[in-house]
file work.cif (mmCIF, C-alpha atoms)
data_query
loop_
_atom_site.label_atom_id
_atom_site.label_comp_id
_atom_site.auth_asym_id
_atom_site.auth_seq_id
_atom_site.Cartn_x
_atom_site.Cartn_y
_atom_site.Cartn_z
CA MET A 1 -2.03 11.36 24.09
CA GLU A 2 -0.28 8.02 24.00
CA ASN A 3 -3.56 6.34 23.03
CA VAL A 4 -4.37 8.84 20.32
CA SER A 5 -0.94 8.21 18.80
CA LYS A 6 -1.44 4.45 18.91
CA GLU A 7 -4.83 4.88 17.30
CA LYS A 8 -3.48 7.05 14.51
CA GLU A 9 -0.63 4.64 13.96
CA GLN A 10 -3.16 1.84 13.65
CA ILE A 11 -5.22 3.82 11.11
CA ILE A 12 -2.11 4.46 9.03
CA ILE A 13 -1.07 0.81 9.18
CA SER A 14 -4.52 -0.32 8.05
CA ALA A 15 -4.52 2.07 5.11
CA ALA A 16 -0.97 1.11 4.17
CA ARG A 17 -1.87 -2.58 4.27
CA LYS A 18 -4.49 -2.01 1.62
CA ARG A 19 -2.15 0.07 -0.55
CA PHE A 20 0.72 -2.42 -0.30
CA ALA A 21 -1.60 -5.35 -0.91
CA HIS A 22 -3.09 -3.76 -4.02
CA TYR A 23 -0.09 -2.04 -5.54
CA GLY A 24 2.92 -3.71 -3.97
CA PHE A 25 5.71 -2.04 -2.05
CA SER A 26 7.36 -0.18 -4.95
CA LYS A 27 4.23 1.27 -6.50
CA ALA A 28 2.44 2.36 -3.31
CA THR A 29 3.41 5.92 -2.35
CA MET A 30 3.47 7.76 0.95
CA ASP A 31 1.49 10.56 -0.73
CA GLU A 32 -1.41 8.25 -1.52
CA ILE A 33 -1.35 6.76 1.96
CA ALA A 34 -1.44 10.27 3.47
CA VAL A 35 -4.52 11.05 1.35
CA ASP A 36 -6.15 7.73 2.32
CA VAL A 37 -5.92 8.60 6.02
CA ASP A 38 -6.76 12.26 5.47
CA MET A 39 -3.49 13.40 6.97
CA GLY A 40 -0.80 15.86 5.95
CA LYS A 41 2.37 14.33 4.60
CA ALA A 42 4.36 15.84 7.48
CA SER A 43 2.10 14.13 10.05
CA LEU A 44 2.43 10.81 8.27
CA TYR A 45 6.23 11.12 8.32
CA TYR A 46 6.05 11.95 12.00
CA TYR A 47 4.65 8.47 12.64
CA PHE A 48 6.62 6.66 9.96
CA PRO A 49 9.77 8.44 8.80
CA THR A 50 10.16 6.15 5.75
CA LYS A 51 8.02 3.96 3.57
CA GLU A 52 10.19 1.09 4.72
CA SER A 53 9.39 1.67 8.38
CA LEU A 54 5.70 1.72 7.56
CA PHE A 55 6.07 -1.44 5.54
CA GLN A 56 7.86 -3.02 8.48
CA ALA A 57 4.93 -2.14 10.76
CA VAL A 58 2.50 -3.69 8.30
CA LEU A 59 4.55 -6.85 8.08
CA ASN A 60 4.75 -7.13 11.87
CA GLU A 61 1.00 -6.78 12.16
CA GLU A 62 0.38 -9.42 9.55
CA LEU A 63 2.95 -11.74 11.07
CA ASN A 64 1.22 -11.41 14.44
CA GLU A 65 -2.12 -12.26 12.87
CA PHE A 66 -0.58 -15.28 11.21
CA LEU A 67 0.93 -16.45 14.51
CA ILE A 68 -2.36 -15.93 16.41
CA GLU A 69 -4.20 -17.90 13.76
CA MET A 70 -1.62 -20.70 14.00
CA GLU A 71 -1.91 -20.78 17.79
CA SER A 72 -5.65 -21.28 17.52
CA ILE A 73 -5.13 -24.11 15.04
CA LEU A 74 -2.57 -25.74 17.32
CA ALA A 75 -5.04 -25.52 20.20
CA THR A 76 -7.65 -27.63 18.38
CA ASP A 77 -7.77 -31.41 18.63
CA MET A 78 -7.33 -32.09 14.94
CA PRO A 79 -4.59 -34.62 14.03
CA ALA A 80 -1.02 -33.33 13.89
CA SER A 81 -0.91 -34.16 10.18
CA SER A 82 -3.88 -31.84 9.52
CA LYS A 83 -2.17 -29.14 11.56
CA LEU A 84 0.87 -29.43 9.32
CA VAL A 85 -1.37 -29.10 6.26
CA GLU A 86 -2.98 -25.99 7.76
CA LEU A 87 0.40 -24.50 8.62
CA VAL A 88 1.65 -24.90 5.07
CA LYS A 89 -1.56 -23.47 3.64
CA LYS A 90 -1.65 -20.45 5.99
CA ARG A 91 2.03 -19.62 5.62
CA LEU A 92 1.76 -19.66 1.84
CA GLU A 93 -1.23 -17.34 2.07
CA PHE A 94 0.75 -15.16 4.44
CA PHE A 95 3.59 -15.02 1.95
CA ARG A 96 1.28 -14.26 -0.91
CA GLN A 97 -0.88 -11.64 0.69
CA SER A 98 1.26 -10.09 3.36
CA LEU A 99 4.62 -10.25 1.75
CA ASN A 100 2.91 -9.63 -1.56
CA LEU A 101 5.10 -12.25 -3.16
CA GLY A 102 5.28 -11.00 -6.70
CA SER A 103 6.01 -7.33 -6.37
CA LEU A 104 8.29 -7.82 -3.41
CA SER A 105 10.00 -11.00 -4.47
CA TYR A 106 13.59 -10.98 -3.42
CA HIS A 107 14.68 -8.43 -5.95
CA THR A 108 12.88 -5.52 -4.35
CA PHE A 109 13.04 -6.96 -0.90
CA ASN A 110 16.69 -7.84 -0.79
CA ASP A 111 18.56 -8.71 2.33
CA THR A 112 20.81 -5.69 2.56
CA ASN A 113 18.63 -4.10 5.16
CA GLN A 114 19.36 -5.32 8.66
CA LEU A 115 15.78 -4.82 9.81
CA LYS A 116 14.47 -7.02 7.05
CA ARG A 117 17.04 -9.65 7.73
CA LYS A 118 15.99 -9.61 11.37
CA PHE A 119 12.34 -9.87 10.36
CA PHE A 120 12.98 -12.92 8.23
CA SER A 121 15.16 -14.58 10.81
CA ASP A 122 12.49 -14.01 13.49
CA LEU A 123 9.86 -15.35 11.15
CA GLU A 124 11.98 -18.40 10.46
CA SER A 125 12.54 -19.21 14.12
CA LYS A 126 8.83 -18.76 14.90
CA GLU A 127 7.81 -20.99 12.02
CA LEU A 128 10.33 -23.60 13.07
CA ALA A 129 8.98 -23.55 16.62
CA LEU A 130 5.43 -24.12 15.29
CA ILE A 131 6.56 -26.99 13.07
CA ASN A 132 8.51 -28.64 15.86
CA ARG A 133 5.58 -28.38 18.25
CA ILE A 134 3.34 -30.12 15.71
CA LEU A 135 5.92 -32.84 15.10
CA SER A 136 6.32 -33.41 18.86
CA GLU A 137 2.58 -33.60 19.27
CA GLY A 138 2.34 -36.17 16.49
CA LYS A 139 5.09 -38.23 18.09
CA SER A 140 3.41 -38.11 21.48
CA ASN A 141 -0.03 -39.07 20.23
CA GLY A 142 1.31 -41.94 18.14
CA GLU A 143 0.65 -40.45 14.70
CA PHE A 144 4.29 -39.97 13.77
CA GLU A 145 7.29 -42.25 14.15
CA LYS A 146 9.23 -41.49 17.30
CA ARG A 147 12.49 -42.19 15.51
CA ILE A 148 12.23 -39.53 12.81
CA ASP A 149 15.35 -37.46 12.45
CA PRO A 150 15.47 -34.59 14.98
CA GLU A 151 16.26 -32.29 12.05
CA SER A 152 13.05 -33.21 10.20
CA GLY A 153 11.35 -29.97 11.22
CA VAL A 154 14.11 -27.74 9.96
CA VAL A 155 14.35 -29.75 6.73
CA LEU A 156 10.61 -29.38 6.21
CA LEU A 157 10.90 -25.62 6.67
CA HIS A 158 13.88 -25.42 4.30
CA VAL A 159 12.05 -27.42 1.64
CA LEU A 160 9.09 -25.03 1.83
CA GLN A 161 11.43 -22.04 1.67
CA GLY A 162 13.36 -23.65 -1.17
CA LEU A 163 10.27 -24.33 -3.28
CA ARG A 164 9.14 -20.73 -2.86
CA ILE A 165 12.57 -19.23 -3.54
CA ARG A 166 13.01 -21.46 -6.58
CA THR A 167 9.68 -20.32 -8.01
CA LEU A 168 10.46 -16.65 -7.35
CA LYS A 169 13.85 -17.06 -8.99
CA TYR A 170 12.28 -18.44 -12.14
CA ILE A 171 9.50 -15.92 -12.45
CA LYS A 172 12.02 -13.15 -11.72
CA SER A 173 10.63 -9.64 -11.72
CA LEU A 174 7.23 -10.77 -12.95
CA GLU A 175 4.33 -10.62 -10.55
CA MET A 176 3.48 -13.82 -8.75
CA ASN A 177 0.33 -14.43 -10.72
CA GLU A 178 -2.53 -16.76 -9.91
CA GLU A 179 -1.16 -19.50 -12.13
CA THR A 180 2.31 -19.54 -10.58
CA PHE A 181 0.83 -19.37 -7.11
CA ASN A 182 -1.42 -22.33 -7.81
CA LEU A 183 1.50 -24.30 -9.19
CA LEU A 184 3.57 -23.60 -6.08
CA GLN A 185 0.66 -24.53 -3.84
CA SER A 186 0.12 -27.77 -5.72
CA GLU A 187 3.84 -28.68 -5.45
CA MET A 188 3.77 -28.01 -1.72
CA ASN A 189 0.68 -30.17 -1.31
CA ILE A 190 2.14 -33.10 -3.22
CA PHE A 191 5.37 -32.79 -1.24
CA LEU A 192 3.59 -32.50 2.09
CA LYS A 193 1.40 -35.53 1.46
CA ILE A 194 4.50 -37.64 0.80
CA PHE A 195 6.34 -36.06 3.75
CA ILE A 196 3.49 -36.83 6.16
CA LYS A 197 3.28 -40.39 4.93
CA GLY A 198 7.05 -40.61 5.33
CA ILE A 199 7.00 -39.66 9.01
CA SER A 200 3.76 -41.44 9.93
CA LYS A 201 3.63 -44.77 11.72
CA LYS A 202 2.96 -47.67 9.41
CA ASN A 203 -0.23 -48.70 11.15
CA GLN A 204 -1.80 -45.29 10.50
CA MET B 1 43.03 -32.65 -39.68
CA GLU B 2 39.56 -33.11 -38.21
CA ASN B 3 40.95 -35.60 -35.70
CA VAL B 4 43.85 -33.40 -34.73
CA SER B 5 41.39 -30.58 -34.05
CA LYS B 6 39.19 -32.82 -31.92
CA GLU B 7 42.24 -34.00 -30.03
CA LYS B 8 43.42 -30.46 -29.35
CA GLU B 9 39.97 -29.43 -28.29
CA GLN B 10 39.94 -32.32 -25.85
CA ILE B 11 43.32 -31.32 -24.43
CA ILE B 12 42.11 -27.77 -23.91
CA ILE B 13 38.90 -28.92 -22.28
CA SER B 14 40.82 -31.17 -19.87
CA ALA B 15 43.15 -28.36 -18.88
CA ALA B 16 40.26 -25.91 -18.51
CA ARG B 17 38.39 -28.40 -16.30
CA LYS B 18 41.26 -28.39 -13.84
CA ARG B 19 41.57 -24.59 -13.90
CA PHE B 20 37.84 -24.02 -13.44
CA ALA B 21 37.64 -26.67 -10.72
CA HIS B 22 40.51 -25.13 -8.78
CA TYR B 23 39.95 -21.44 -9.30
CA GLY B 24 36.33 -21.11 -10.37
CA PHE B 25 35.03 -19.50 -13.51
CA SER B 26 35.85 -15.90 -12.67
CA LYS B 27 39.40 -16.41 -11.47
CA ALA B 28 40.58 -18.85 -14.15
CA THR B 29 42.06 -17.00 -17.12
CA MET B 30 42.44 -17.90 -20.78
CA ASP B 31 46.11 -16.91 -20.52
CA GLU B 32 46.79 -19.53 -17.89
CA ILE B 33 44.89 -22.17 -19.80
CA ALA B 34 46.93 -21.37 -22.93
CA VAL B 35 50.13 -21.85 -20.90
CA ASP B 36 48.80 -25.11 -19.42
CA VAL B 37 48.31 -26.60 -22.88
CA ASP B 38 51.47 -25.07 -24.28
CA MET B 39 49.58 -23.14 -26.93
CA GLY B 40 49.60 -19.57 -28.17
CA LYS B 41 46.70 -17.44 -27.04
CA ALA B 42 45.60 -16.98 -30.66
CA SER B 43 45.41 -20.75 -31.19
CA LEU B 44 43.38 -21.17 -28.00
CA TYR B 45 40.93 -18.51 -29.16
CA TYR B 46 40.69 -20.27 -32.51
CA TYR B 47 39.18 -23.27 -30.71
CA PHE B 48 37.25 -21.35 -28.09
CA PRO B 49 36.53 -17.72 -28.95
CA THR B 50 35.49 -16.87 -25.37
CA LYS B 51 36.05 -18.16 -21.88
CA GLU B 52 32.32 -18.76 -21.74
CA SER B 53 32.36 -21.04 -24.76
CA LEU B 54 35.18 -23.04 -23.20
CA PHE B 55 33.29 -23.22 -19.94
CA GLN B 56 30.24 -24.42 -21.84
CA ALA B 57 32.30 -27.22 -23.40
CA VAL B 58 33.59 -28.24 -19.97
CA LEU B 59 30.07 -28.29 -18.57
CA ASN B 60 28.82 -30.39 -21.46
CA GLU B 61 31.59 -32.91 -20.94
CA GLU B 62 30.90 -33.16 -17.24
CA LEU B 63 27.18 -33.42 -17.79
CA ASN B 64 27.76 -36.30 -20.20
CA GLU B 65 29.92 -38.08 -17.65
CA PHE B 66 27.24 -37.61 -15.02
CA LEU B 67 24.59 -39.02 -17.36
CA ILE B 68 26.74 -42.00 -18.32
CA GLU B 69 27.39 -42.73 -14.67
CA MET B 70 23.67 -42.52 -13.93
CA GLU B 71 22.86 -44.86 -16.80
CA SER B 72 25.22 -47.46 -15.37
CA ILE B 73 23.59 -47.11 -11.95
CA LEU B 74 20.14 -47.49 -13.48
CA ALA B 75 21.29 -50.63 -15.27
CA THR B 76 22.18 -52.39 -11.99
CA ASP B 77 19.69 -54.47 -10.03
CA MET B 78 19.83 -52.43 -6.84
CA PRO B 79 16.47 -51.36 -5.39
CA ALA B 80 14.86 -48.26 -6.90
CA SER B 81 15.16 -46.51 -3.53
CA SER B 82 18.95 -46.97 -3.58
CA LYS B 83 19.04 -45.66 -7.12
CA LEU B 84 17.27 -42.52 -5.95
CA VAL B 85 19.83 -42.13 -3.17
CA GLU B 86 22.66 -42.53 -5.69
CA LEU B 87 21.07 -40.02 -8.05
CA VAL B 88 20.80 -37.39 -5.35
CA LYS B 89 24.36 -38.03 -4.22
CA LYS B 90 25.84 -37.92 -7.74
CA ARG B 91 23.92 -34.85 -8.83
CA LEU B 92 25.01 -32.94 -5.77
CA GLU B 93 28.62 -33.93 -6.50
CA PHE B 94 28.07 -32.86 -10.09
CA PHE B 95 26.80 -29.50 -8.92
CA ARG B 96 29.65 -29.07 -6.51
CA GLN B 97 32.51 -30.12 -8.70
CA SER B 98 31.37 -29.45 -12.21
CA LEU B 99 29.31 -26.38 -11.71
CA ASN B 100 31.75 -25.40 -9.02
CA LEU B 101 28.90 -24.30 -6.83
CA GLY B 102 30.54 -21.61 -4.78
CA SER B 103 32.39 -19.51 -7.26
CA LEU B 104 29.71 -19.84 -9.89
CA SER B 105 26.68 -19.67 -7.69
CA TYR B 106 23.88 -17.88 -9.42
CA HIS B 107 25.44 -14.47 -9.19
CA THR B 108 28.24 -15.14 -11.62
CA PHE B 109 26.28 -17.65 -13.58
CA ASN B 110 23.14 -15.66 -14.12
CA ASP B 111 20.45 -16.60 -16.56
CA THR B 112 20.82 -13.79 -19.02
CA ASN B 113 22.77 -15.91 -21.41
CA GLN B 114 20.58 -17.99 -23.66
CA LEU B 115 23.14 -20.78 -23.94
CA LYS B 116 23.25 -21.19 -20.19
CA ARG B 117 19.52 -21.14 -19.90
CA LYS B 118 19.39 -23.85 -22.53
CA PHE B 119 22.02 -25.85 -20.65
CA PHE B 120 20.05 -25.74 -17.42
CA SER B 121 16.77 -26.54 -19.07
CA ASP B 122 18.36 -29.54 -20.84
CA LEU B 123 19.89 -30.63 -17.56
CA GLU B 124 16.54 -30.33 -15.84
CA SER B 125 14.69 -32.40 -18.40
CA LYS B 126 17.39 -35.08 -18.34
CA GLU B 127 17.36 -35.26 -14.56
CA LEU B 128 13.58 -35.44 -14.56
CA ALA B 129 13.67 -38.30 -17.04
CA LEU B 130 16.12 -40.21 -14.79
CA ILE B 131 13.97 -39.63 -11.70
CA ASN B 132 10.80 -40.69 -13.47
CA ARG B 133 12.44 -43.85 -14.77
CA ILE B 134 13.48 -44.79 -11.23
CA LEU B 135 10.01 -44.06 -9.87
CA SER B 136 8.41 -46.18 -12.62
CA GLU B 137 10.80 -49.00 -11.91
CA GLY B 138 9.95 -48.86 -8.21
CA LYS B 139 6.25 -48.92 -9.00
CA SER B 140 6.66 -51.89 -11.34
CA ASN B 141 8.75 -53.96 -8.94
CA GLY B 142 6.42 -53.31 -6.02
CA GLU B 143 8.73 -51.10 -3.96
CA PHE B 144 6.73 -47.90 -4.43
CA GLU B 145 3.02 -47.25 -4.19
CA LYS B 146 1.38 -47.35 -7.60
CA ARG B 147 -0.92 -44.50 -6.60
CA ILE B 148 1.70 -41.86 -5.88
CA ASP B 149 0.97 -38.57 -7.55
CA PRO B 150 2.16 -38.49 -11.18
CA GLU B 151 3.87 -35.18 -10.37
CA SER B 152 5.98 -36.73 -7.58
CA GLY B 153 9.08 -36.86 -9.78
CA VAL B 154 8.94 -33.21 -10.72
CA VAL B 155 8.25 -32.23 -7.12
CA LEU B 156 11.26 -34.26 -5.97
CA LEU B 157 13.43 -32.47 -8.51
CA HIS B 158 12.08 -29.06 -7.51
CA VAL B 159 12.69 -29.76 -3.83
CA LEU B 160 16.31 -30.68 -4.58
CA GLN B 161 16.71 -27.55 -6.71
CA GLY B 162 15.00 -25.47 -4.06
CA LEU B 163 17.24 -26.68 -1.24
CA ARG B 164 20.32 -25.90 -3.31
CA ILE B 165 19.10 -22.48 -4.47
CA ARG B 166 18.06 -21.59 -0.93
CA THR B 167 21.51 -22.45 0.39
CA LEU B 168 23.24 -20.50 -2.37
CA LYS B 169 21.01 -17.52 -1.72
CA TYR B 170 21.95 -17.47 1.94
CA ILE B 171 25.67 -17.91 1.48
CA LYS B 172 25.57 -15.29 -1.30
CA SER B 173 28.87 -14.50 -2.95
CA LEU B 174 30.83 -16.60 -0.48
CA GLU B 175 32.36 -19.80 -1.70
CA MET B 176 30.36 -22.94 -1.12
CA ASN B 177 32.65 -24.23 1.57
CA GLU B 178 32.91 -27.74 2.94
CA GLU B 179 30.70 -26.93 5.89
CA THR B 180 27.84 -25.51 3.82
CA PHE B 181 28.12 -28.36 1.36
CA ASN B 182 27.91 -30.93 4.16
CA LEU B 183 24.88 -29.17 5.60
CA LEU B 184 23.13 -29.20 2.25
CA GLN B 185 24.00 -32.86 1.74
CA SER B 186 22.69 -33.75 5.16
CA GLU B 187 19.41 -31.88 4.53
CA MET B 188 18.96 -33.67 1.24
CA ASN B 189 19.59 -37.03 2.89
CA ILE B 190 17.09 -36.43 5.68
CA PHE B 191 14.54 -35.23 3.14
CA LEU B 192 15.15 -38.15 0.79
CA LYS B 193 14.82 -40.75 3.53
CA ILE B 194 11.40 -39.35 4.46
CA PHE B 195 10.42 -39.01 0.79
CA ILE B 196 11.31 -42.62 0.03
CA LYS B 197 9.39 -43.83 3.05
CA GLY B 198 6.48 -41.66 1.91
CA ILE B 199 6.23 -43.27 -1.52
CA SER B 200 7.10 -46.84 -0.43
CA LYS B 201 4.54 -49.56 0.04
CA LYS B 202 3.67 -50.16 3.67
CA ASN B 203 4.79 -53.76 3.66
CA GLN B 204 8.31 -52.77 2.61
#

call {"tool": "encode", "arguments": {"input": "work.cif", "output": "structure tokens"}}
result
Amino acid sequence: MENVSKEKEQIIISAARKRFAHYGFSKATMDEIAVDVDMGKASLYYYFPTKESLFQAVLNEELNEFLIEMESILATDMPASSKLVELVKKRLEFFRQSLNLGSLSYHTFNDTNQLKRKFFSDLESKELALINRILSEGKSNGEFEKRIDPESGVVLLHVLQGLRIRTLKYIKSLEMNEETFNLLQSEMNIFLKIFIKGISKKNQ
Amino acid sequence: MENVSKEKEQIIISAARKRFAHYGFSKATMDEIAVDVDMGKASLYYYFPTKESLFQAVLNEELNEFLIEMESILATDMPASSKLVELVKKRLEFFRQSLNLGSLSYHTFNDTNQLKRKFFSDLESKELALINRILSEGKSNGEFEKRIDPESGVVLLHVLQGLRIRTLKYIKSLEMNEETFNLLQSEMNIFLKIFIKGISKKNQ
């Protein structure tokens, strides 16, 4: 029984992922998701009592995928600087696709809910751990200056957060369209290139 | 008559500056300001029909002072990197004192008002012009790489904006206290040090 439940849960999460990705959190409905998985509404609510709880499950799944992907990048022997570039690229994609940047933004997805706040604070500490591991690696293998400020990792994370939040603030309730996304990505790339040069040893 | 008006306006603006600086925009009242300048409420409203218009005048005055100060820094012969450090320091002070970061934040001071939006967009273009002049100077005098991305100035500005907006978002309606301000300042300093190293020539 336990396994059947897990399986059904997984089917619901997969269907919800598609709905949320296509229509955003506000527009996707539990009714449609129930139809997608060929399930009565009552059954769906048995597994996920609210749309929010289902959304939470989707986010957790996508976060795990992001973290697994990052672990496999960290395990390669590419330079630490390239790992940083990959991290920034993947996390922006994660924010765009998984958190569905536009429709969620921080208007819909405000911080009143404790669960969400916990999600974001977990995400932040996991991202910070990844960044700090890459920075340590670069210091050990001689790519980065040993004397860079110990807070460089947290500042890097806050800059990335800041650039995203700033962009979301200016586009407001509008969807994060392709153009805005590309602009944000290009800003992050320009910043990151300078940042990497700024922490690299001079003989690199 | 014209001069007397200008003089009175100036007296009101000076008094309002103190009130806004001490109590923030929301808590300062027109009544108190009228008392401060020993003027009837009707006379005060003759000069400034709303608290917002008075606030606007205060902001404009403080912005002008900031710009004059920056011009005098740009006119010195200190290295371009030190000018960048000064710019970041002065603009953060400007945001703290003049825009009274905490009590205004972006909850009170939202963007619905066209005048305010204009103010911020003017401010942004003036700041960008200052940054780009410093970057050009550094490229000309051999401090900075000539090949840095032409968008580096705008990215620098957006990072500074992003760090501030991110901090304000997290402290929410709370006042920007000394501790938060110091944290923000320290993040900006760590970032700027890396940024400057990242755009500097290697032989520097």

call {"tool": "residues_around", "arguments": {"input": "work.cif", "residues": "Met188 (chain B)", "least_positions_apart": "6", "cutoff": "8 Å", "atoms": "all atoms listed in the file", "output": "list in words"}}
result
Val88, Leu160 and Leu163 of chain B

call {"tool": "write_last_selection", "arguments": {"input": "work.cif", "atoms": "C-alpha atoms", "output": "PDB file, keeping the file's coordinate frame"}}
result
ATOM      1  CA  VAL B  88      20.800 -37.390  -5.350  1.00  0.00           C
ATOM      2  CA  LEU B 160      16.310 -30.680  -4.580  1.00  0.00           C
ATOM      3  CA  LEU B 163      17.240 -26.680  -1.240  1.00  0.00           C
TER       4      LEU B 163
END

call {"tool": "resolve_selection", "arguments": {"input": "work.cif", "expression": "the PyMOL selection byres ((chain A) within 12 of (chain B))", "output": "tab-separated table (two decimals) with C-alpha atoms, in the coordinates of the input"}}
result
chain	number	residue	atom	x	y	z
A	106	TYR	CA	13.59	-10.98	-3.42
A	107	HIS	CA	14.68	-8.43	-5.95
A	110	ASN	CA	16.69	-7.84	-0.79
A	111	ASP	CA	18.56	-8.71	2.33
A	112	THR	CA	20.81	-5.69	2.56
A	117	ARG	CA	17.04	-9.65	7.73
A	120	PHE	CA	12.98	-12.92	8.23
A	121	SER	CA	15.16	-14.58	10.81
A	144	PHE	CA	4.29	-39.97	13.77
A	145	GLU	CA	7.29	-42.25	14.15
A	147	ARG	CA	12.49	-42.19	15.51
A	148	ILE	CA	12.23	-39.53	12.81
A	149	ASP	CA	15.35	-37.46	12.45
A	150	PRO	CA	15.47	-34.59	14.98
A	151	GLU	CA	16.26	-32.29	12.05
A	152	SER	CA	13.05	-33.21	10.20
A	153	GLY	CA	11.35	-29.97	11.22
A	154	VAL	CA	14.11	-27.74	9.96
A	155	VAL	CA	14.35	-29.75	6.73
A	156	LEU	CA	10.61	-29.38	6.21
A	157	LEU	CA	10.90	-25.62	6.67
A	158	HIS	CA	13.88	-25.42	4.30
A	159	VAL	CA	12.05	-27.42	1.64
A	160	LEU	CA	9.09	-25.03	1.83
A	161	GLN	CA	11.43	-22.04	1.67
A	162	GLY	CA	13.36	-23.65	-1.17
A	163	LEU	CA	10.27	-24.33	-3.28
A	164	ARG	CA	9.14	-20.73	-2.86
A	165	ILE	CA	12.57	-19.23	-3.54
A	166	ARG	CA	13.01	-21.46	-6.58
A	167	THR	CA	9.68	-20.32	-8.01
A	168	LEU	CA	10.46	-16.65	-7.35
A	169	LYS	CA	13.85	-17.06	-8.99
A	170	TYR	CA	12.28	-18.44	-12.14
A	171	ILE	CA	9.50	-15.92	-12.45
A	172	LYS	CA	12.02	-13.15	-11.72
A	183	LEU	CA	1.50	-24.30	-9.19
A	184	LEU	CA	3.57	-23.60	-6.08
A	185	GLN	CA	0.66	-24.53	-3.84
A	186	SER	CA	0.12	-27.77	-5.72
A	187	GLU	CA	3.84	-28.68	-5.45
A	188	MET	CA	3.77	-28.01	-1.72
A	189	ASN	CA	0.68	-30.17	-1.31
A	190	ILE	CA	2.14	-33.10	-3.22
A	191	PHE	CA	5.37	-32.79	-1.24
A	192	LEU	CA	3.59	-32.50	2.09
A	193	LYS	CA	1.40	-35.53	1.46
A	194	ILE	CA	4.50	-37.64	0.80
A	195	PHE	CA	6.34	-36.06	3.75
A	196	ILE	CA	3.49	-36.83	6.16
A	197	LYS	CA	3.28	-40.39	4.93
A	198	GLY	CA	7.05	-40.61	5.33
A	199	ILE	CA	7.00	-39.66	9.01
A	200	SER	CA	3.76	-41.44	9.93
A	201	LYS	CA	3.63	-44.77	11.72
A	202	LYS	CA	2.96	-47.67	9.41
A	203	ASN	CA	-0.23	-48.70	11.15
A	204	GLN	CA	-1.80	-45.29	10.50

call {"tool": "closest_residue", "arguments": {"input": "work.cif", "among": "B:Arg133, B:Lys118, B:Arg96, B:Lys126", "to": "Ser81 (chain B)", "atoms": "all atoms listed in the file"}}
result
B:Arg133

call {"tool": "residues_around", "arguments": {"input": "work.cif", "residues": "Glu137 (chain A)", "least_positions_apart": "3", "cutoff": "12 Å", "atoms": "all atoms listed in the file", "output": "list in words"}}
result
Leu74, Ala75, Thr76, Asp77, Met78, Pro79, Ala80, Ser81, Ser82, Lys83, Leu84, Leu130, Ile131, Asn132, Arg133, Ile134, Ser140, Asn141, Gly142, Glu143, Phe144, Glu145 and Lys146 of chain A

call {"tool": "atom_distance", "arguments": {"input": "work.cif", "atom1": "CA of Asp36 (chain A)", "atom2": "CA of Phe48 (chain A)"}}
result
14.9 Å

call {"tool": "closest_residue", "arguments": {"input": "work.cif", "among": "B:Tyr46, B:Phe25, B:Phe119, B:Phe55", "to": "Ile13 (chain B)", "atoms": "all atoms listed in the file"}}
result
B:Phe55

call {"tool": "atom_distance", "arguments": {"input": "work.cif", "atom1": "CA of Leu63 (chain B)", "atom2": "CA of Tyr47 (chain B)"}}
result
20.3 Å

call {"tool": "atom_distance", "arguments": {"input": "work.cif", "atom1": "CA of Val37 (chain B)", "atom2": "CA of Gln10 (chain B)"}}
result
10.6 Å

call {"tool": "resolve_selection", "arguments": {"input": "work.cif", "expression": "the PyMOL selection byres ((chain B and resi 43) around 12)", "output": "mmCIF file with C-alpha atoms, in the frame of the given file"}}
result
data_model
loop_
_atom_site.group_PDB
_atom_site.id
_atom_site.type_symbol
_atom_site.label_atom_id
_atom_site.label_comp_id
_atom_site.auth_asym_id
_atom_site.auth_seq_id
_atom_site.Cartn_x
_atom_site.Cartn_y
_atom_site.Cartn_z
ATOM 1 C CA SER B 5 41.390 -30.580 -34.050
ATOM 2 C CA LYS B 8 43.420 -30.460 -29.350
ATOM 3 C CA GLU B 9 39.970 -29.430 -28.290
ATOM 4 C CA ILE B 12 42.110 -27.770 -23.910
ATOM 5 C CA MET B 30 42.440 -17.900 -20.780
ATOM 6 C CA ASP B 31 46.110 -16.910 -20.520
ATOM 7 C CA ILE B 33 44.890 -22.170 -19.800
ATOM 8 C CA ALA B 34 46.930 -21.370 -22.930
ATOM 9 C CA VAL B 35 50.130 -21.850 -20.900
ATOM 10 C CA VAL B 37 48.310 -26.600 -22.880
ATOM 11 C CA ASP B 38 51.470 -25.070 -24.280
ATOM 12 C CA MET B 39 49.580 -23.140 -26.930
ATOM 13 C CA GLY B 40 49.600 -19.570 -28.170
ATOM 14 C CA LYS B 41 46.700 -17.440 -27.040
ATOM 15 C CA ALA B 42 45.600 -16.980 -30.660
ATOM 16 C CA LEU B 44 43.380 -21.170 -28.000
ATOM 17 C CA TYR B 45 40.930 -18.510 -29.160
ATOM 18 C CA TYR B 46 40.690 -20.270 -32.510
ATOM 19 C CA TYR B 47 39.180 -23.270 -30.710
ATOM 20 C CA PHE B 48 37.250 -21.350 -28.090
ATOM 21 C CA PRO B 49 36.530 -17.720 -28.950
#

call {"tool": "residues_near_point", "arguments": {"input": "work.cif", "point": "(29.8, -31.0, -20.7)", "cutoff": "12 Å", "atoms": "only C-alpha atoms", "output": "list of chain:residue names"}}
result
B:Gln10, B:Ile13, B:Ser14, B:Ala16, B:Arg17, B:Ser53, B:Leu54, B:Phe55, B:Gln56, B:Ala57, B:Val58, B:Leu59, B:Asn60, B:Glu61, B:Glu62, B:Leu63, B:Asn64, B:Glu65, B:Phe66, B:Leu67, B:Ile68, B:Phe94, B:Ser98, B:Leu99, B:Lys116, B:Phe119, B:Phe120, B:Asp122, B:Leu123

call {"tool": "decode", "arguments": {"input": "work.cif", "residues": "region 178-182 of chain B", "atoms": "C-alpha atoms", "output": "short mmCIF file (atom, residue, chain, number, x, y, z; two decimals), in the first residue's frame"}}
result
data_model
loop_
_atom_site.label_atom_id
_atom_site.label_comp_id
_atom_site.auth_asym_id
_atom_site.auth_seq_id
_atom_site.Cartn_x
_atom_site.Cartn_y
_atom_site.Cartn_z
CA GLU B 178 22.53 50.39 12.28
CA GLU B 179 23.26 46.68 12.20
CA THR B 180 21.53 46.05 8.86
CA PHE B 181 23.11 49.14 7.39
CA ASN B 182 26.57 48.00 8.46
#
